[in-house]
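Working notes, structure below.
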Amino acid sequence: MSDWVVVCKEEALPPGRHRVVEINGTEVAIINVDGRYYAIEDRCTHDGAEIASGHIEGEAIVCPRHGARFCLKTGRALTPPAYEDLHVFPVRVENGTIQVQDDRLR
């Protein structure tokens with residue numbers, strides 16, 4: 001069994017867009033920022049709300065509820081009210097298909 005989960009074809013996730021998929025019971029947001037893909041747990045560590053619909057600022061995402069900012073590359077909480085980091089999942093493109101891996105199982 002492959003540990004990479006197929007998300008979608010690259011053309012289905014253009015720059016500035018996101019898609020949320022469930023991987024092993026966890027909602028994961030895959031975000032295209034200028035052709036670079038990031039995969040983060042879709043759960044603000046401040047209050048548990050979804051974060052995928054937040055505003056993108058460079059390589060950061062701003063939670064739509066209370067404005068906490070997180071680094072998309074590392075998951076690091078950058079501003080209050082969040083102090084706990086997000087989990088970042090490995091993401092790759094194989095033959096034009098975006099894939100995400102649940103590295104928490106290792």
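Just remember, in the structure tokens the first chain shown is A, the second B, etc., residues are 1-based per chain, and ligands are 1-based in the order shown.
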Need to verify the contact set: Gly75 of chain A, 10 Å, only C-alpha atoms, exclusion of same-chain residues closer than 6 positions in sequence. Can you return it as a PDB file with C-alpha atoms, in the first residue's frame?
```pdb
ATOM      1  CA  TYR A  38       1.756  23.298   0.723  1.00  0.00           C
ATOM      2  CA  ALA A  39      -0.190  20.783   2.816  1.00  0.00           C
ATOM      3  CA  ILE A  40      -1.246  21.698   6.356  1.00  0.00           C
ATOM      4  CA  GLU A  41      -3.696  20.339   8.877  1.00  0.00           C
ATOM      5  CA  ALA A  60       1.804  32.487   5.548  1.00  0.00           C
ATOM      6  CA  ILE A  61      -1.883  31.809   6.045  1.00  0.00           C
ATOM      7  CA  ARG A  69      -0.847  33.600  11.238  1.00  0.00           C
ATOM      8  CA  GLU A  84       0.911  25.935  18.918  1.00  0.00           C
ATOM      9  CA  ASP A  85       2.260  25.056  15.456  1.00  0.00           C
ATOM     10  CA  LEU A  86       0.257  23.346  12.696  1.00  0.00           C
ATOM     11  CA  HIS A  87       1.295  19.982  11.322  1.00  0.00           C
ATOM     12  CA  VAL A  88       2.768  20.274   7.810  1.00  0.00           C
ATOM     13  CA  PHE A  89       2.492  17.243   5.529  1.00  0.00           C
TER      14      PHE A  89
END
```
Among chain A, which ones does DSSP assign to strand (DSSP E or B) (computed from the backbone)? Answer as a ChimeraX atom specification. /A:4-9,18-23,26-33,36-41,55-57,60-62,69-71,77,88-89,91-94,97-101
Restricted to C-alpha atoms, what would the selected residues look like written as a PDB file, in the first residue's frame?
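Just written: selection25.pdb:
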```pdb
ATOM      1  CA  TRP A   4       1.140   8.870  -0.718  1.00  0.00           C
ATOM      2  CA  VAL A   5      -2.474   9.964  -1.164  1.00  0.00           C
ATOM      3  CA  VAL A   6      -3.552  11.332  -4.546  1.00  0.00           C
ATOM      4  CA  VAL A   7      -5.216  14.727  -4.141  1.00  0.00           C
ATOM      5  CA  CYS A   8      -5.893  15.872  -7.708  1.00  0.00           C
ATOM      6  CA  LYS A   9      -4.294  16.783 -11.019  1.00  0.00           C
ATOM      7  CA  HIS A  18      -6.910  25.330  -2.085  1.00  0.00           C
ATOM      8  CA  ARG A  19      -8.489  21.928  -1.678  1.00  0.00           C
ATOM      9  CA  VAL A  20      -9.272  20.015   1.513  1.00  0.00           C
ATOM     10  CA  VAL A  21      -9.020  16.236   1.677  1.00  0.00           C
ATOM     11  CA  GLU A  22      -9.352  13.764   4.512  1.00  0.00           C
ATOM     12  CA  ILE A  23      -6.286  11.678   5.232  1.00  0.00           C
ATOM     13  CA  THR A  26      -7.607  14.387   9.491  1.00  0.00           C
ATOM     14  CA  GLU A  27      -8.686  17.266   7.261  1.00  0.00           C
ATOM     15  CA  VAL A  28      -5.648  18.423   5.258  1.00  0.00           C
ATOM     16  CA  ALA A  29      -5.598  21.643   3.232  1.00  0.00           C
ATOM     17  CA  ILE A  30      -3.477  21.656   0.078  1.00  0.00           C
ATOM     18  CA  ILE A  31      -2.733  25.215  -1.031  1.00  0.00           C
ATOM     19  CA  ASN A  32      -1.182  26.426  -4.288  1.00  0.00           C
ATOM     20  CA  VAL A  33       0.878  29.581  -3.771  1.00  0.00           C
ATOM     21  CA  ARG A  36       4.256  25.849  -4.963  1.00  0.00           C
ATOM     22  CA  TYR A  37       2.106  23.376  -3.045  1.00  0.00           C
ATOM     23  CA  TYR A  38       1.756  23.298   0.723  1.00  0.00           C
ATOM     24  CA  ALA A  39      -0.190  20.783   2.816  1.00  0.00           C
ATOM     25  CA  ILE A  40      -1.246  21.698   6.356  1.00  0.00           C
ATOM     26  CA  GLU A  41      -3.696  20.339   8.877  1.00  0.00           C
ATOM     27  CA  HIS A  55      -5.984  34.843   3.499  1.00  0.00           C
ATOM     28  CA  ILE A  56      -2.550  33.978   2.069  1.00  0.00           C
ATOM     29  CA  GLU A  57       0.283  36.454   2.708  1.00  0.00           C
ATOM     30  CA  ALA A  60       1.804  32.487   5.548  1.00  0.00           C
ATOM     31  CA  ILE A  61      -1.883  31.809   6.045  1.00  0.00           C
ATOM     32  CA  VAL A  62      -4.083  33.986   8.247  1.00  0.00           C
ATOM     33  CA  ARG A  69      -0.847  33.600  11.238  1.00  0.00           C
ATOM     34  CA  PHE A  70       0.976  30.355  10.407  1.00  0.00           C
ATOM     35  CA  CYS A  71       3.952  29.633   8.151  1.00  0.00           C
ATOM     36  CA  ALA A  77       2.535  29.777  14.679  1.00  0.00           C
ATOM     37  CA  VAL A  88       2.768  20.274   7.810  1.00  0.00           C
ATOM     38  CA  PHE A  89       2.492  17.243   5.529  1.00  0.00           C
ATOM     39  CA  VAL A  91       3.544  17.105  -0.682  1.00  0.00           C
ATOM     40  CA  ARG A  92       4.865  16.166  -4.122  1.00  0.00           C
ATOM     41  CA  VAL A  93       3.874  16.171  -7.760  1.00  0.00           C
ATOM     42  CA  GLU A  94       4.222  12.910  -9.698  1.00  0.00           C
ATOM     43  CA  THR A  97      -0.715  14.601  -9.913  1.00  0.00           C
ATOM     44  CA  ILE A  98      -0.509  16.282  -6.496  1.00  0.00           C
ATOM     45  CA  GLN A  99       0.088  13.806  -3.673  1.00  0.00           C
ATOM     46  CA  VAL A 100       0.274  14.168   0.116  1.00  0.00           C
ATOM     47  CA  GLN A 101       1.861  11.828   2.650  1.00  0.00           C
TER      48      GLN A 101
END
```
Measuring between only C-alpha atoms, which one of A:Glu10, A:Asn24, A:Ala82, A:Arg17 shows the shortest distance to Ala52 of chain A?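 Closest to Ala52 of chain A of all the choices is A:Arg17.
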Nearest to Leu72 of chain A by atom-to-atom distance, counting only C-alpha atoms, from A:Asp42, A:Leu13, A:Asn95, A:Gly25: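 Residue with the minimum atom-to-atom distance to Leu72 of chain A: A:Asp42.
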Go through A:Pro80, A:Asp34, A:Thr45, A:Arg104 one by one, measure the shortest atom-to-atom distance of each to Glu59 of chain A using only C-alpha atoms, and give the residue with the smallest value.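 Among the listed residues, A:Asp34 lies closest to Glu59 of chain A.
Picture a line from atom CA of His66 of chain A to atom CA of Arg43 of chain A; it runs 12.7 Å.
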Quick one: distance from atom CA of Pro14 of chain A to atom CA of Asp102 of chain A in Å, one decimal? 22.8 Å
Ranking A:Pro81, A:Pro90, A:Gly35, A:Pro64 by minimum distance to Gly16 of chain A and counting only C-alpha atoms, which one comes first?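 Closest candidate: A:Gly35.
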Could you tell me how far atom CA of Ser53 of chain A lies from atom CA of Thr79 of chain A, in Å and to one decimal?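 Atom CA of Thr79 of chain A lies 17.7 Å from atom CA of Ser53 of chain A.
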DSSP on the backbone: what in chain A comes out helix (DSSP H, G or I), as a PyMOL selection string? chain A and resi 10-12+103-105
Go ahead and write the residues just picked, C-alpha atoms, as a short mmCIF file (atom, residue, chain, number, x, y, z; two decimals), in the first residue's frame.
```cif
data_model
loop_
_atom_site.label_atom_id
_atom_site.label_comp_id
_atom_site.auth_asym_id
_atom_site.auth_seq_id
_atom_site.Cartn_x
_atom_site.Cartn_y
_atom_site.Cartn_z
CA GLU A 10 -2.20 19.98 -10.97
CA GLU A 11 -4.56 21.75 -13.37
CA ALA A 12 -7.42 21.22 -10.89
CA ASP A 103 4.14 11.30 7.92
CA ARG A 104 2.58 11.14 11.40
CA LEU A 105 2.39 7.35 11.04
#
```
